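One structure is given below, encoded as structure tokens.
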Amino acid sequence: MRKADFDAVYRNGKRRSSSYFTVFLKANDLPQSRFGFSIKRALGGAVVRNRIRRRIREVVRLHREEISIGWDFVIHPKANVESAAFAALESDLVRLLKV
């Protein structure tokens, strides 16, 4: 996704939140869903942010067929993601991505 796609999701999309994530979503009229990640520097250094990004990507990869098709998602992790168990993150994020 490009910056214009992110901006469109923020401007015209919906927002869903949970204890670990805030997800912005907007229909994209494509045969697949697209994912973007926005991880603030306040969550930690580059190593920490990249670890968070890898964990989120792995959840998306494992549950690709369960996630709704035809949406643009922008995922914002919250501060407690780094210390959370992977199983907790997985169930939380998959629940948010099912539209």
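Ordered as shown in the structure tokens, chains take letters A, B, and onward, while each chain numbers its residues from 1 and ligands are numbered from 1 in the order shown.
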
Write out as a list in words all residues of chain A that backbone DSSP assigns to strand (DSSP E).
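Here are the strand (DSSP E) residues of chain A: Lys14, Arg15, Arg16, Ser17, Phe21, Thr22, Val23, Phe24, Leu25, Lys26, Ala27, Arg34, Phe35, Gly36, Phe37, Trp71, Asp72, Phe73, Val74, Ile75, His76 and Pro77 of chain A.
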
Considering only C-alpha atoms, can you say which of A:Val9, A:Ala88, A:Leu93, A:Val48 comes closest to Ala27 (chain A)?
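Smallest separation from Ala27 (chain A) among the options: A:Val9.
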
Please report, as an mmCIF file with N, CA and C atoms, in the first residue's frame, each residue of region 22-84 of chain A to which DSSP assigns alpha helix (DSSP H) when run on this structure's backbone.
```cif
data_model
loop_
_atom_site.group_PDB
_atom_site.id
_atom_site.type_symbol
_atom_site.label_atom_id
_atom_site.label_comp_id
_atom_site.auth_asym_id
_atom_site.auth_seq_id
_atom_site.Cartn_x
_atom_site.Cartn_y
_atom_site.Cartn_z
ATOM 1 N N ALA A 46 14.299 0.318 16.732
ATOM 2 C CA ALA A 46 14.061 -0.382 15.467
ATOM 3 C C ALA A 46 13.911 -1.884 15.663
ATOM 4 N N VAL A 47 14.697 -2.461 16.555
ATOM 5 C CA VAL A 47 14.626 -3.907 16.788
ATOM 6 C C VAL A 47 13.258 -4.293 17.335
ATOM 7 N N VAL A 48 12.769 -3.530 18.286
ATOM 8 C CA VAL A 48 11.460 -3.806 18.895
ATOM 9 C C VAL A 48 10.349 -3.619 17.869
ATOM 10 N N ARG A 49 10.393 -2.533 17.125
ATOM 11 C CA ARG A 49 9.353 -2.271 16.126
ATOM 12 C C ARG A 49 9.341 -3.332 15.034
ATOM 13 N N ASN A 50 10.514 -3.772 14.599
ATOM 14 C CA ASN A 50 10.572 -4.825 13.583
ATOM 15 C C ASN A 50 10.047 -6.153 14.119
ATOM 16 N N ARG A 51 10.308 -6.458 15.381
ATOM 17 C CA ARG A 51 9.771 -7.682 15.981
ATOM 18 C C ARG A 51 8.242 -7.625 16.018
ATOM 19 N N ILE A 52 7.698 -6.477 16.398
ATOM 20 C CA ILE A 52 6.238 -6.307 16.401
ATOM 21 C C ILE A 52 5.687 -6.495 15.000
ATOM 22 N N ARG A 53 6.328 -5.900 14.016
ATOM 23 C CA ARG A 53 5.896 -6.007 12.614
ATOM 24 C C ARG A 53 5.926 -7.466 12.149
ATOM 25 N N ARG A 54 6.972 -8.191 12.487
ATOM 26 C CA ARG A 54 7.071 -9.609 12.098
ATOM 27 C C ARG A 54 5.971 -10.438 12.736
ATOM 28 N N ARG A 55 5.660 -10.160 13.991
ATOM 29 C CA ARG A 55 4.590 -10.909 14.670
ATOM 30 C C ARG A 55 3.238 -10.647 14.012
ATOM 31 N N ILE A 56 2.970 -9.397 13.656
ATOM 32 C CA ILE A 56 1.704 -9.060 13.007
ATOM 33 C C ILE A 56 1.619 -9.725 11.633
ATOM 34 N N ARG A 57 2.702 -9.666 10.873
ATOM 35 C CA ARG A 57 2.719 -10.307 9.552
ATOM 36 C C ARG A 57 2.480 -11.806 9.654
ATOM 37 N N GLU A 58 3.025 -12.423 10.679
ATOM 38 C CA GLU A 58 2.838 -13.867 10.860
ATOM 39 C C GLU A 58 1.378 -14.196 11.164
ATOM 40 N N VAL A 59 0.717 -13.385 11.958
ATOM 41 C CA VAL A 59 -0.712 -13.599 12.226
ATOM 42 C C VAL A 59 -1.492 -13.504 10.922
ATOM 43 N N VAL A 60 -1.207 -12.487 10.128
ATOM 44 C CA VAL A 60 -1.904 -12.311 8.847
ATOM 45 C C VAL A 60 -1.629 -13.504 7.934
ATOM 46 N N ARG A 61 -0.393 -13.967 7.879
ATOM 47 C CA ARG A 61 -0.030 -15.093 7.013
ATOM 48 C C ARG A 61 -0.745 -16.378 7.441
ATOM 49 N N LEU A 62 -0.800 -16.631 8.732
ATOM 50 C CA LEU A 62 -1.415 -17.860 9.233
ATOM 51 C C LEU A 62 -2.929 -17.889 9.040
#
```

From A:Leu30, A:Val94, A:Val23, A:Ala42, residue lying nearest His76 (chain A) [only C-alpha atoms]
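Closest to His76 (chain A), using only C-alpha atoms: A:Val23.
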
Polymer residues at most 9 Å from Leu43 (chain A), only C-alpha atoms, same-chain spacing of 6 or more positions, as a ChimeraX atom specification:
/A:49,77-82

For Pro31 (chain A), work out the shell of residues within 12 Å, counting only C-alpha atoms and skipping chain neighbours fewer than 3 positions away, then give it as a PyMOL selection string.
chain A and resi 27-28+34+68-72

Rank A:Lys26, A:Arg64, A:Arg16, A:Arg2 by their smallest atom-to-atom distance to Asp92 (chain A), using only C-alpha atoms, and report the top residue only.
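Of A:Lys26, A:Arg64, A:Arg16, A:Arg2, the one nearest Asp92 (chain A) is A:Arg16, counting only C-alpha atoms.
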
With distances taken over only C-alpha atoms, which residue among A:Phe73, A:Phe37, A:Phe86, A:Phe6 lies nearest Phe24 (chain A)?
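Between A:Phe73, A:Phe37, A:Phe86, A:Phe6, the residue approaching Phe24 (chain A) most closely is A:Phe73.
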
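Counting only C-alpha atoms, the residue from A:Ser91, A:Asp29, A:Ser17, A:His63 that sits nearest to Ile75 (chain A) is A:Ser17.
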
Of the listed residues A:Lys3, A:Ser38, A:Ser83, A:Lys14, that which approaches Val99 (chain A) most closely, counting only C-alpha atoms:
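Going through A:Lys3, A:Ser38, A:Ser83, A:Lys14 one by one, the smallest distance to Val99 (chain A) is for A:Lys14.
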
What is the distance, in Å and to one decimal place, between CA of Met1 (chain A) and CA of Leu25 (chain A)?
12.8 Å

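A straight line drawn from CA of Gly13 (chain A) to CA of Lys98 (chain A) is 15.0 Å long.
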